[in-house]
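Q: Dropping the structure in here first, questions after.
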Amino acid sequence: MENTVTDALSIMEKREIISLTHQIRGYIQTRYSQQEIASFREIMRKSMRESRHPHDEKNICKAIVTLKTALLFAEEIEPDHNILVAIGLYPIVKEGILSIDEAKGAWGEDVAGLLKGLTSVDRFSNKNNVVNQDNFRGLLLSLADDIRVIIIMIVRNLVLMRSINHHPDDEWVRNVAFEASCLYAQLAHRLGLYKIKGELEDLALKYTNREIYTQIAHKLNETKRSREEYIKSFIDPVKRKLQEAGLKFDIKGRTKSISSIWNKMKKQKVDLQGIYDLFAIRVIIDTPREKEKSDCWLAYSILADMYIANPARMKDWISIPKSNGYESLHATVMGPGSRWVEVQFRTKRMDLVAEKGLAAHWRYKGVKGDSTDQWMNNIRDILETADTGPMQLMKDMRMDVYGKEVFAFTPKGDLFRLASGATVLDFAFQIHTNVGAHCTGAVVNGQHRKITYRINSGDTVEILTAANQSPKADWLNIVVSTKARNKIKQSLNEELQRRADLGKEILERRAKNRKIEIEESVLMKLVSKSGYKYANEFFADMADEKIDPGKFLATYIEETSLKNEGPKVSAEEFQMKRPDDELQSKSDVLVIGEKSINGLKYKFAKCCAPIYGDDVFGFISSDGLVKIHRCDCPNAGNIRERYPYRMIKADWSGKSGDMLPVSLRIIGNDDIGIVANITSIISKEMNANLRNISVDSHDGMFQGMLTVAVPDQRQLNTLLKKIKTVKGVKDIQRL
């Protein structure tokens, strides 16, 4: 086995593995015992020796990723022995060479717990989380079980992001970059790993918008000398003044990350020259713990005497640190040449936390109850109650992670952190769901306030409740926190479901009395015709006596009595036009190339299956046939990059073509009758035919693949909208 693995590795990969091994050995020799070093060395040998597949499915060397993850973790986060062991063992656990129970027997329960967490996360990661909300939620919940697993996954994701530059699978790279930006960069920010967060966001921008990234990087490189000269001219007089005050310190100047510059350019709608605070100055003071605050403020006062300060941009994270432990005093002053300069004051201890986040002083196991535990619990609440799509869920996560904070107290002195702009209602839900649900107002600093009152830092808030109070729909416009919003939605949905169940029972009882068998597909069609998007809303209105069940049943009888005179074709008899049939442009729906070009043969590409109305282009294959691709085809980027000279313009002629197949992926709850409802909708569409369907059910969810024949894009969009209205359907997308 060892020879097989070695033969599969390239010479460059072998050299890199040897180099990384030496680097790790040099790092751990001064920090770990000989027994621990021997243990870790044996782990890496075992992983290399017994791994059946040295590369993953994307041809990335697993040994290099593992070694880089261990080294980056060691350099950036100062991990304990168990974490390095778990990183080393994980690849062979994933391959099934080593079981978690065997790892537990050899290396202890804590290592086994980490491996279990990593294995759990891997079940959900890289499963197209953008589309599948349940995978995305499962991934986050798995991460939320152990903060050490979060940190390992963040570091591992950064190593992966560094490894995929110019990888041939562009779509996969974009998916990895999206997950890095929307998930791991946010988690890194929340844990205070700002350096890693900045690099993840820069790489994500590089892979998703390389042109913008290259432009900014090039311009920054062009202005590097002038920027360094300006920083020096700013720092030198500040140094002299701080030295005269008797302070011991270091000063650093750094340019902001490319992604943050790009975000500012978009937000302020200016080019790079219009961004004045491209860099920040950091003053790191060497002082005892008891003098930290006073020395930081002393340094700030010296700076404020030299330059005009902007009080609106002052950020005091020293008096009340961020919940991730970050402490620093941020000031913005008008420097030479009327340029705004951000200056950060912090001590050596604060800088360690700022650079390495919570991991710099994290109690890797044992003690609970600090602010990070509270944050993790809030994240669980968001995930467990969210009923929106994955894009909105990620947006909510971003708001909760990056949002500013206010601090308020209960009458007993308990401190609560809330998002800026939080109301009394947010505060009530932060205390407990039942308190929020029955909140009628509050006594804030001794004065009665409504639930809409916006809390300020330092307020003392006593929540008032009433037993007959319950969440209202307009409460969603009052709260700002994701947790409160989801709890309110959950309560409203439960109440709607209660009324809907009652309404459905009323209709079924009336139908039974009249000996009417209700067919679900016809019922749903009538509900839609009545103007209701969701059946629950229809039945709730019936419970509220807004809809007469007797009149509705009369309409139902009339609907079922109508006969469909159209021809009926069985699935076996149905003949669908194949996308690879060759066609002649002279009698077809496509105009290929210039108007003077006639008679070109073409066929529709199988990889993207275009239909009438899609934006398309032609690709001249080696046999002279023109293959028609959608412009958003997964292969389009590769074609444009490698064969631009073989591309040819293609447009639809203005008349709809034949019925062409479209593949759809559908995800939903595995409810009784849901598949029947979906097929019923398709069968009732005049210009749509179901050709094939396959469904896979697991843990109360189903994922299906549909092949539907439609004449054009307009008909497809109409069909997708109707299928999305079916109760239980979570998502449907064209492949």
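Chain lettering (A, B, ...) mirrors the order of the structure tokens, residue numbering begins at 1 for each chain separately, and ligand numbering begins at 1 in order of display.
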For Lys627 of chain A, list every protein, DNA or RNA residue within 10 Å, evaluated using only C-alpha atoms, and leave out those in the same chain fewer than 4 positions away; present the list as a ChimeraX atom specification.
A: /A:580,582,601-606,617-621,647-648
Q: Would you save the residues of that selection, restricted to N, CA and C atoms, as an mmCIF file, in the first residue's frame?
A:
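What follows is the written file again37.cif:
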data_model
loop_
_atom_site.group_PDB
_atom_site.id
_atom_site.type_symbol
_atom_site.label_atom_id
_atom_site.label_comp_id
_atom_site.auth_asym_id
_atom_site.auth_seq_id
_atom_site.Cartn_x
_atom_site.Cartn_y
_atom_site.Cartn_z
ATOM 1 N N ASP A 580 -30.255 16.007 -28.883
ATOM 2 C CA ASP A 580 -29.112 15.832 -29.771
ATOM 3 C C ASP A 580 -29.541 15.584 -31.221
ATOM 4 N N GLU A 582 -30.157 16.463 -34.901
ATOM 5 C CA GLU A 582 -29.609 17.507 -35.739
ATOM 6 C C GLU A 582 -30.738 18.215 -36.475
ATOM 7 N N LYS A 601 -25.832 23.035 -39.640
ATOM 8 C CA LYS A 601 -26.431 22.010 -38.795
ATOM 9 C C LYS A 601 -26.055 22.256 -37.336
ATOM 10 N N TYR A 602 -26.980 21.984 -36.469
ATOM 11 C CA TYR A 602 -26.694 22.190 -35.053
ATOM 12 C C TYR A 602 -27.448 21.167 -34.222
ATOM 13 N N LYS A 603 -27.032 21.063 -32.963
ATOM 14 C CA LYS A 603 -27.777 20.278 -31.988
ATOM 15 C C LYS A 603 -27.630 20.940 -30.629
ATOM 16 N N PHE A 604 -28.569 20.656 -29.746
ATOM 17 C CA PHE A 604 -28.546 21.241 -28.413
ATOM 18 C C PHE A 604 -27.595 20.446 -27.518
ATOM 19 N N ALA A 605 -26.751 21.172 -26.786
ATOM 20 C CA ALA A 605 -25.773 20.537 -25.907
ATOM 21 C C ALA A 605 -26.472 19.834 -24.749
ATOM 22 N N LYS A 606 -26.007 18.620 -24.426
ATOM 23 C CA LYS A 606 -26.612 17.857 -23.328
ATOM 24 C C LYS A 606 -26.266 18.435 -21.962
ATOM 25 N N PHE A 617 -25.431 30.528 -27.169
ATOM 26 C CA PHE A 617 -24.364 30.772 -28.134
ATOM 27 C C PHE A 617 -24.026 29.443 -28.800
ATOM 28 N N GLY A 618 -23.360 29.518 -29.938
ATOM 29 C CA GLY A 618 -22.973 28.316 -30.651
ATOM 30 C C GLY A 618 -21.489 28.032 -30.508
ATOM 31 N N PHE A 619 -21.141 26.747 -30.514
ATOM 32 C CA PHE A 619 -19.753 26.317 -30.454
ATOM 33 C C PHE A 619 -19.521 25.339 -31.604
ATOM 34 N N ILE A 620 -18.580 25.671 -32.472
ATOM 35 C CA ILE A 620 -18.327 24.838 -33.654
ATOM 36 C C ILE A 620 -17.442 23.670 -33.236
ATOM 37 N N SER A 621 -18.000 22.459 -33.279
ATOM 38 C CA SER A 621 -17.253 21.278 -32.871
ATOM 39 C C SER A 621 -16.320 20.832 -33.993
ATOM 40 N N MET A 647 -16.400 30.077 -31.161
ATOM 41 C CA MET A 647 -17.739 30.466 -30.732
ATOM 42 C C MET A 647 -18.436 31.236 -31.848
ATOM 43 N N ILE A 648 -19.743 31.081 -31.941
ATOM 44 C CA ILE A 648 -20.517 31.743 -32.981
ATOM 45 C C ILE A 648 -21.831 32.234 -32.380
#
Q: With a distance cut-off of 9 Å and only C-alpha atoms, select the neighbouring residues of segment 36-40 of chain A, excluding the residue or stretch itself and same-chain residues fewer than 4 positions from it, and output the selection as a ChimeraX atom specification.
A: /A:25,28-29,32,44-45,81,84-85,88
Q: Can you pull out the residues contacting Ile488 of chain A? Cut-off 10 Å, using only C-alpha atoms, and skip same-chain residues under 6 positions away; I want them as number ranges by chain.
A: A: 385, 429, 433, 436-437, 470-476, 479, 482, 494
Q: Go ahead and dump the residues you just picked, all heavy atoms, as an mmCIF file, in the first residue's frame.
A:
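Contents of part.cif, freshly written:
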data_model
loop_
_atom_site.group_PDB
_atom_site.id
_atom_site.type_symbol
_atom_site.label_atom_id
_atom_site.label_comp_id
_atom_site.auth_asym_id
_atom_site.auth_seq_id
_atom_site.Cartn_x
_atom_site.Cartn_y
_atom_site.Cartn_z
ATOM 1 N N THR A 385 -35.013 27.646 14.299
ATOM 2 C CA THR A 385 -36.337 28.236 14.089
ATOM 3 C C THR A 385 -36.483 28.878 12.727
ATOM 4 O O THR A 385 -37.567 29.294 12.359
ATOM 5 C CB THR A 385 -36.635 29.298 15.171
ATOM 6 O OG1 THR A 385 -35.633 30.340 15.092
ATOM 7 C CG2 THR A 385 -36.604 28.693 16.545
ATOM 8 N N PHE A 429 -37.195 38.922 24.094
ATOM 9 C CA PHE A 429 -36.926 37.621 23.481
ATOM 10 C C PHE A 429 -35.516 37.136 23.801
ATOM 11 O O PHE A 429 -35.262 35.931 23.824
ATOM 12 C CB PHE A 429 -37.131 37.691 21.968
ATOM 13 C CG PHE A 429 -38.561 37.497 21.536
ATOM 14 C CD1 PHE A 429 -39.349 38.574 21.177
ATOM 15 C CD2 PHE A 429 -39.131 36.229 21.519
ATOM 16 C CE1 PHE A 429 -40.669 38.403 20.790
ATOM 17 C CE2 PHE A 429 -40.446 36.039 21.135
ATOM 18 C CZ PHE A 429 -41.226 37.134 20.770
ATOM 19 N N THR A 433 -37.985 33.081 25.314
ATOM 20 C CA THR A 433 -39.044 33.119 24.306
ATOM 21 C C THR A 433 -40.396 33.448 24.914
ATOM 22 O O THR A 433 -41.164 34.254 24.365
ATOM 23 C CB THR A 433 -39.121 31.760 23.571
ATOM 24 O OG1 THR A 433 -37.865 31.485 22.964
ATOM 25 C CG2 THR A 433 -40.202 31.786 22.506
ATOM 26 N N GLY A 436 -40.684 37.116 25.754
ATOM 27 C CA GLY A 436 -40.920 37.904 24.554
ATOM 28 C C GLY A 436 -42.344 37.768 24.049
ATOM 29 O O GLY A 436 -42.970 38.761 23.661
ATOM 30 N N ALA A 437 -42.876 36.551 24.052
ATOM 31 C CA ALA A 437 -44.218 36.304 23.520
ATOM 32 C C ALA A 437 -45.297 37.034 24.307
ATOM 33 O O ALA A 437 -46.353 37.370 23.754
ATOM 34 C CB ALA A 437 -44.501 34.811 23.500
ATOM 35 N N SER A 470 -49.968 38.007 23.038
ATOM 36 C CA SER A 470 -49.408 37.011 22.112
ATOM 37 C C SER A 470 -48.784 37.741 20.931
ATOM 38 O O SER A 470 -49.134 38.893 20.646
ATOM 39 C CB SER A 470 -50.498 36.041 21.627
ATOM 40 O OG SER A 470 -51.507 36.744 20.929
ATOM 41 N N PRO A 471 -47.838 37.115 20.229
ATOM 42 C CA PRO A 471 -47.152 37.779 19.112
ATOM 43 C C PRO A 471 -48.117 38.210 18.013
ATOM 44 O O PRO A 471 -49.076 37.510 17.698
ATOM 45 C CB PRO A 471 -46.188 36.707 18.606
ATOM 46 C CG PRO A 471 -45.915 35.860 19.798
ATOM 47 C CD PRO A 471 -47.221 35.803 20.538
ATOM 48 N N LYS A 472 -47.848 39.362 17.439
ATOM 49 C CA LYS A 472 -48.636 39.922 16.337
ATOM 50 C C LYS A 472 -47.758 40.025 15.094
ATOM 51 O O LYS A 472 -46.534 40.102 15.182
ATOM 52 C CB LYS A 472 -49.150 41.323 16.702
ATOM 53 C CG LYS A 472 -49.815 41.431 18.052
ATOM 54 C CD LYS A 472 -51.138 40.683 18.088
ATOM 55 C CE LYS A 472 -51.928 40.984 19.361
ATOM 56 N NZ LYS A 472 -51.215 40.595 20.591
ATOM 57 N N ALA A 473 -48.395 40.069 13.932
ATOM 58 C CA ALA A 473 -47.638 40.140 12.675
ATOM 59 C C ALA A 473 -46.805 41.413 12.596
ATOM 60 O O ALA A 473 -45.686 41.405 12.061
ATOM 61 C CB ALA A 473 -48.600 40.054 11.487
ATOM 62 N N ASP A 474 -47.343 42.543 13.131
ATOM 63 C CA ASP A 474 -46.589 43.797 13.038
ATOM 64 C C ASP A 474 -45.361 43.813 13.950
ATOM 65 O O ASP A 474 -44.509 44.705 13.851
ATOM 66 C CB ASP A 474 -47.483 45.003 13.331
ATOM 67 C CG ASP A 474 -48.077 44.973 14.730
ATOM 68 O OD1 ASP A 474 -47.853 43.982 15.466
ATOM 69 O OD2 ASP A 474 -48.759 45.948 15.101
ATOM 70 N N TRP A 475 -45.230 42.831 14.834
ATOM 71 C CA TRP A 475 -44.023 42.744 15.670
ATOM 72 C C TRP A 475 -42.781 42.514 14.810
ATOM 73 O O TRP A 475 -41.676 42.893 15.199
ATOM 74 C CB TRP A 475 -44.162 41.606 16.680
ATOM 75 C CG TRP A 475 -45.031 41.938 17.860
ATOM 76 C CD1 TRP A 475 -45.917 42.962 17.961
ATOM 77 C CD2 TRP A 475 -45.097 41.218 19.096
ATOM 78 N NE1 TRP A 475 -46.540 42.933 19.187
ATOM 79 C CE2 TRP A 475 -46.055 41.876 19.899
ATOM 80 C CE3 TRP A 475 -44.463 40.094 19.590
ATOM 81 C CZ2 TRP A 475 -46.375 41.434 21.183
ATOM 82 C CZ3 TRP A 475 -44.774 39.647 20.871
ATOM 83 C CH2 TRP A 475 -45.725 40.316 21.667
ATOM 84 N N LEU A 476 -42.977 41.896 13.648
ATOM 85 C CA LEU A 476 -41.835 41.634 12.760
ATOM 86 C C LEU A 476 -41.189 42.932 12.282
ATOM 87 O O LEU A 476 -40.014 42.948 11.909
ATOM 88 C CB LEU A 476 -42.276 40.802 11.558
ATOM 89 C CG LEU A 476 -42.741 39.375 11.877
ATOM 90 C CD1 LEU A 476 -43.364 38.733 10.650
ATOM 91 C CD2 LEU A 476 -41.585 38.535 12.394
ATOM 92 N N VAL A 479 -38.802 44.280 15.702
ATOM 93 C CA VAL A 479 -37.561 43.651 16.156
ATOM 94 C C VAL A 479 -36.483 43.751 15.081
ATOM 95 O O VAL A 479 -36.779 43.876 13.888
ATOM 96 C CB VAL A 479 -37.794 42.172 16.533
ATOM 97 C CG1 VAL A 479 -38.737 42.072 17.705
ATOM 98 C CG2 VAL A 479 -38.325 41.377 15.347
ATOM 99 N N THR A 482 -32.343 38.472 14.586
ATOM 100 C CA THR A 482 -32.829 37.285 13.864
ATOM 101 C C THR A 482 -33.540 36.328 14.807
ATOM 102 O O THR A 482 -34.548 35.721 14.450
ATOM 103 C CB THR A 482 -31.649 36.573 13.184
ATOM 104 O OG1 THR A 482 -30.937 37.512 12.386
ATOM 105 C CG2 THR A 482 -32.122 35.428 12.324
ATOM 106 N N GLU A 494 -47.499 28.763 14.044
ATOM 107 C CA GLU A 494 -48.211 27.788 14.875
ATOM 108 C C GLU A 494 -49.678 28.166 15.017
ATOM 109 O O GLU A 494 -50.566 27.307 14.959
ATOM 110 C CB GLU A 494 -47.544 27.689 16.246
ATOM 111 C CG GLU A 494 -46.189 26.982 16.217
ATOM 112 C CD GLU A 494 -45.461 27.062 17.541
ATOM 113 O OE1 GLU A 494 -45.991 27.738 18.463
ATOM 114 O OE2 GLU A 494 -44.370 26.466 17.676
#
Q: Would you list, as an MDAnalysis selection string, the residues of segment 228-356 of chain A that end up in alpha helix (DSSP H) under DSSP run on this structure's backbone?
A: chainID A and resid 228:244 258:268 292:306 348:356
Q: Please save N, CA and C atoms of the selected residues as a short mmCIF file (atom, residue, chain, number, x, y, z; two decimals), in the first residue's frame.
A:
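Just written: part-v7.cif:
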data_model
loop_
_atom_site.label_atom_id
_atom_site.label_comp_id
_atom_site.auth_asym_id
_atom_site.auth_seq_id
_atom_site.Cartn_x
_atom_site.Cartn_y
_atom_site.Cartn_z
N GLU A 228 3.72 54.04 1.63
CA GLU A 228 4.71 53.81 2.69
C GLU A 228 5.36 55.11 3.14
N GLU A 229 5.61 56.01 2.19
CA GLU A 229 6.19 57.31 2.54
C GLU A 229 5.22 58.13 3.39
N TYR A 230 3.93 58.05 3.03
CA TYR A 230 2.94 58.80 3.81
C TYR A 230 2.82 58.24 5.23
N ILE A 231 2.78 56.92 5.35
CA ILE A 231 2.70 56.29 6.68
C ILE A 231 3.89 56.70 7.52
N LYS A 232 5.07 56.74 6.91
CA LYS A 232 6.28 57.13 7.66
C LYS A 232 6.19 58.58 8.13
N SER A 233 5.70 59.46 7.23
CA SER A 233 5.58 60.87 7.61
C SER A 233 4.55 61.08 8.72
N PHE A 234 3.57 60.20 8.77
CA PHE A 234 2.55 60.29 9.82
C PHE A 234 3.09 59.72 11.14
N ILE A 235 3.80 58.59 11.05
CA ILE A 235 4.23 57.88 12.25
C ILE A 235 5.36 58.59 12.98
N ASP A 236 6.34 59.14 12.26
CA ASP A 236 7.54 59.69 12.89
C ASP A 236 7.24 60.71 13.98
N PRO A 237 6.43 61.76 13.73
CA PRO A 237 6.15 62.72 14.81
C PRO A 237 5.35 62.10 15.96
N VAL A 238 4.47 61.12 15.64
CA VAL A 238 3.71 60.45 16.70
C VAL A 238 4.65 59.67 17.59
N LYS A 239 5.63 58.99 17.00
CA LYS A 239 6.62 58.23 17.78
C LYS A 239 7.33 59.12 18.78
N ARG A 240 7.78 60.30 18.30
CA ARG A 240 8.53 61.19 19.19
C ARG A 240 7.68 61.62 20.37
N LYS A 241 6.43 61.97 20.12
CA LYS A 241 5.55 62.43 21.21
C LYS A 241 5.27 61.31 22.21
N LEU A 242 5.05 60.10 21.73
CA LEU A 242 4.78 58.98 22.64
C LEU A 242 6.02 58.63 23.47
N GLN A 243 7.19 58.71 22.84
CA GLN A 243 8.43 58.45 23.57
C GLN A 243 8.67 59.51 24.65
N GLU A 244 8.36 60.77 24.33
CA GLU A 244 8.51 61.84 25.31
C GLU A 244 7.58 61.62 26.51
N ILE A 258 -8.06 43.81 0.35
CA ILE A 258 -8.63 44.13 -0.96
C ILE A 258 -10.16 44.03 -0.93
N SER A 259 -10.67 43.01 -0.23
CA SER A 259 -12.13 42.85 -0.18
C SER A 259 -12.79 44.01 0.56
N SER A 260 -12.18 44.50 1.65
CA SER A 260 -12.78 45.62 2.37
C SER A 260 -12.71 46.90 1.55
N ILE A 261 -11.63 47.06 0.76
CA ILE A 261 -11.54 48.22 -0.13
C ILE A 261 -12.63 48.16 -1.19
N TRP A 262 -12.85 46.97 -1.77
CA TRP A 262 -13.88 46.80 -2.79
C TRP A 262 -15.26 47.08 -2.20
N ASN A 263 -15.52 46.61 -0.98
CA ASN A 263 -16.81 46.88 -0.34
C ASN A 263 -17.02 48.38 -0.13
N LYS A 264 -15.95 49.08 0.26
CA LYS A 264 -16.06 50.53 0.44
C LYS A 264 -16.30 51.23 -0.89
N MET A 265 -15.63 50.77 -1.94
CA MET A 265 -15.83 51.37 -3.26
C MET A 265 -17.28 51.22 -3.71
N LYS A 266 -17.86 50.05 -3.47
CA LYS A 266 -19.27 49.84 -3.84
C LYS A 266 -20.20 50.68 -2.97
N LYS A 267 -19.94 50.69 -1.67
CA LYS A 267 -20.81 51.40 -0.74
C LYS A 267 -20.77 52.90 -0.98
N GLN A 268 -19.56 53.44 -1.16
CA GLN A 268 -19.41 54.88 -1.34
C GLN A 268 -19.51 55.31 -2.80
N GLU A 292 -3.34 49.34 31.48
CA GLU A 292 -3.68 49.22 30.06
C GLU A 292 -4.63 50.33 29.59
N LYS A 293 -5.73 50.50 30.28
CA LYS A 293 -6.73 51.48 29.83
C LYS A 293 -6.16 52.89 29.86
N SER A 294 -5.51 53.24 30.97
CA SER A 294 -5.01 54.61 31.12
C SER A 294 -3.94 54.93 30.08
N ASP A 295 -3.06 53.97 29.79
CA ASP A 295 -2.01 54.23 28.81
C ASP A 295 -2.56 54.32 27.39
N CYS A 296 -3.56 53.53 27.08
CA CYS A 296 -4.18 53.63 25.75
C CYS A 296 -4.85 54.99 25.56
N TRP A 297 -5.55 55.45 26.60
CA TRP A 297 -6.20 56.75 26.51
C TRP A 297 -5.18 57.89 26.50
N LEU A 298 -4.06 57.71 27.20
CA LEU A 298 -3.00 58.70 27.17
C LEU A 298 -2.44 58.83 25.75
N ALA A 299 -2.19 57.69 25.13
CA ALA A 299 -1.67 57.71 23.76
C ALA A 299 -2.67 58.37 22.81
N TYR A 300 -3.96 58.08 23.02
CA TYR A 300 -4.98 58.72 22.17
C TYR A 300 -5.00 60.23 22.35
N SER A 301 -4.89 60.69 23.60
CA SER A 301 -4.93 62.14 23.85
C SER A 301 -3.74 62.84 23.19
N ILE A 302 -2.58 62.17 23.18
CA ILE A 302 -1.40 62.74 22.50
C ILE A 302 -1.67 62.88 21.01
N LEU A 303 -2.26 61.83 20.41
CA LEU A 303 -2.58 61.88 18.98
C LEU A 303 -3.60 62.98 18.69
N ALA A 304 -4.63 63.10 19.54
CA ALA A 304 -5.69 64.09 19.32
C ALA A 304 -5.16 65.51 19.43
N ASP A 305 -4.08 65.72 20.20
CA ASP A 305 -3.45 67.05 20.27
C ASP A 305 -2.70 67.38 18.99
N MET A 306 -2.23 66.33 18.30
CA MET A 306 -1.43 66.55 17.09
C MET A 306 -2.30 66.69 15.84
N LYS A 348 -0.03 44.80 24.26
CA LYS A 348 0.46 43.53 23.73
C LYS A 348 -0.53 42.41 23.96
N ARG A 349 -1.11 42.39 25.17
CA ARG A 349 -2.09 41.35 25.47
C ARG A 349 -3.31 41.48 24.56
N MET A 350 -3.80 42.72 24.38
CA MET A 350 -4.95 42.94 23.51
C MET A 350 -4.63 42.56 22.07
N ASP A 351 -3.40 42.83 21.64
CA ASP A 351 -3.01 42.52 20.27
C ASP A 351 -2.98 41.02 20.04
N LEU A 352 -2.55 40.26 21.05
CA LEU A 352 -2.55 38.80 20.93
C LEU A 352 -3.96 38.28 20.71
N VAL A 353 -4.92 38.81 21.48
CA VAL A 353 -6.32 38.40 21.33
C VAL A 353 -6.85 38.85 19.98
N ALA A 354 -6.48 40.08 19.56
CA ALA A 354 -6.96 40.60 18.27
C ALA A 354 -6.42 39.79 17.10
N GLU A 355 -5.19 39.30 17.22
CA GLU A 355 -4.57 38.54 16.13
C GLU A 355 -5.05 37.10 16.10
N LYS A 356 -5.22 36.51 17.28
CA LYS A 356 -5.55 35.08 17.34
C LYS A 356 -6.93 34.81 17.91
#
Q: Give me, as a PyMOL selection string, all polymer residues having an atom no more than 12 Å from segment 503-519 of chain A, counting only C-alpha atoms and skipping those fewer than 3 positions away in the same chain.
A: chain A and resi 496-500+522-526+535-554+556-557+559-560+673+676-677+680
Q: How many Å separate atom CA of Val695 of chain A from atom CA of Val173 of chain A?
A: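 About the pair atom CA of Val695 of chain A and atom CA of Val173 of chain A: they are 28.6 Å apart.
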Q: For Met314 of chain A, find every residue with an atom within 10 Å (counting only C-alpha atoms), except residues of its own chain fewer than 5 positions away, and show them as a PDB file with all heavy atoms, in the first residue's frame.
A:
ATOM      1  N   ALA A 309      -9.285  65.049  15.423  1.00  0.00           N
ATOM      2  CA  ALA A 309      -9.973  63.761  15.517  1.00  0.00           C
ATOM      3  C   ALA A 309     -11.413  63.874  15.041  1.00  0.00           C
ATOM      4  O   ALA A 309     -12.034  64.940  15.165  1.00  0.00           O
ATOM      5  CB  ALA A 309      -9.934  63.247  16.952  1.00  0.00           C
ATOM      6  N   LEU A 329      -8.847  50.580  21.040  1.00  0.00           N
ATOM      7  CA  LEU A 329      -9.400  51.927  20.975  1.00  0.00           C
ATOM      8  C   LEU A 329      -9.131  52.441  19.568  1.00  0.00           C
ATOM      9  O   LEU A 329      -7.976  52.586  19.157  1.00  0.00           O
ATOM     10  CB  LEU A 329      -8.724  52.824  22.020  1.00  0.00           C
ATOM     11  CG  LEU A 329      -9.232  54.259  22.142  1.00  0.00           C
ATOM     12  CD1 LEU A 329     -10.696  54.288  22.553  1.00  0.00           C
ATOM     13  CD2 LEU A 329      -8.378  55.029  23.148  1.00  0.00           C
ATOM     14  N   HIS A 330     -10.200  52.703  18.795  1.00  0.00           N
ATOM     15  CA  HIS A 330     -10.054  53.131  17.407  1.00  0.00           C
ATOM     16  C   HIS A 330     -10.348  54.623  17.301  1.00  0.00           C
ATOM     17  O   HIS A 330     -11.374  55.093  17.796  1.00  0.00           O
ATOM     18  CB  HIS A 330     -11.025  52.376  16.498  1.00  0.00           C
ATOM     19  CG  HIS A 330     -10.734  50.919  16.390  1.00  0.00           C
ATOM     20  ND1 HIS A 330     -11.249  50.123  15.396  1.00  0.00           N
ATOM     21  CD2 HIS A 330      -9.973  50.092  17.149  1.00  0.00           C
ATOM     22  CE1 HIS A 330     -10.831  48.877  15.549  1.00  0.00           C
ATOM     23  NE2 HIS A 330     -10.057  48.837  16.623  1.00  0.00           N
ATOM     24  N   ALA A 331      -9.466  55.340  16.643  1.00  0.00           N
ATOM     25  CA  ALA A 331      -9.665  56.767  16.408  1.00  0.00           C
ATOM     26  C   ALA A 331      -9.361  57.070  14.955  1.00  0.00           C
ATOM     27  O   ALA A 331      -8.512  56.424  14.333  1.00  0.00           O
ATOM     28  CB  ALA A 331      -8.767  57.589  17.317  1.00  0.00           C
ATOM     29  N   THR A 332     -10.053  58.051  14.389  1.00  0.00           N
ATOM     30  CA  THR A 332      -9.790  58.500  13.028  1.00  0.00           C
ATOM     31  C   THR A 332      -9.437  59.978  13.079  1.00  0.00           C
ATOM     32  O   THR A 332     -10.197  60.778  13.634  1.00  0.00           O
ATOM     33  CB  THR A 332     -11.010  58.273  12.115  1.00  0.00           C
ATOM     34  OG1 THR A 332     -11.357  56.888  12.131  1.00  0.00           O
ATOM     35  CG2 THR A 332     -10.705  58.683  10.686  1.00  0.00           C
ATOM     36  N   VAL A 333      -8.279  60.318  12.523  1.00  0.00           N
ATOM     37  CA  VAL A 333      -7.800  61.706  12.582  1.00  0.00           C
ATOM     38  C   VAL A 333      -7.466  62.194  11.176  1.00  0.00           C
ATOM     39  O   VAL A 333      -7.220  61.404  10.262  1.00  0.00           O
ATOM     40  CB  VAL A 333      -6.554  61.839  13.492  1.00  0.00           C
ATOM     41  CG1 VAL A 333      -6.894  61.447  14.919  1.00  0.00           C
ATOM     42  CG2 VAL A 333      -5.398  60.995  12.969  1.00  0.00           C
ATOM     43  N   GLU A 342      -6.917  56.011  10.126  1.00  0.00           N
ATOM     44  CA  GLU A 342      -7.425  55.290  11.299  1.00  0.00           C
ATOM     45  C   GLU A 342      -6.248  54.818  12.146  1.00  0.00           C
ATOM     46  O   GLU A 342      -5.298  54.231  11.625  1.00  0.00           O
ATOM     47  CB  GLU A 342      -8.260  54.087  10.866  1.00  0.00           C
ATOM     48  CG  GLU A 342      -8.860  53.326  12.049  1.00  0.00           C
ATOM     49  CD  GLU A 342      -9.632  52.090  11.621  1.00  0.00           C
ATOM     50  OE1 GLU A 342     -10.749  52.240  11.103  1.00  0.00           O
ATOM     51  OE2 GLU A 342      -9.084  50.984  11.790  1.00  0.00           O
ATOM     52  N   VAL A 343      -6.312  55.090  13.446  1.00  0.00           N
ATOM     53  CA  VAL A 343      -5.268  54.683  14.375  1.00  0.00           C
ATOM     54  C   VAL A 343      -5.892  53.815  15.463  1.00  0.00           C
ATOM     55  O   VAL A 343      -6.919  54.186  16.040  1.00  0.00           O
ATOM     56  CB  VAL A 343      -4.559  55.891  15.010  1.00  0.00           C
ATOM     57  CG1 VAL A 343      -3.405  55.423  15.902  1.00  0.00           C
ATOM     58  CG2 VAL A 343      -4.045  56.838  13.936  1.00  0.00           C
TER      59      VAL A 343
END
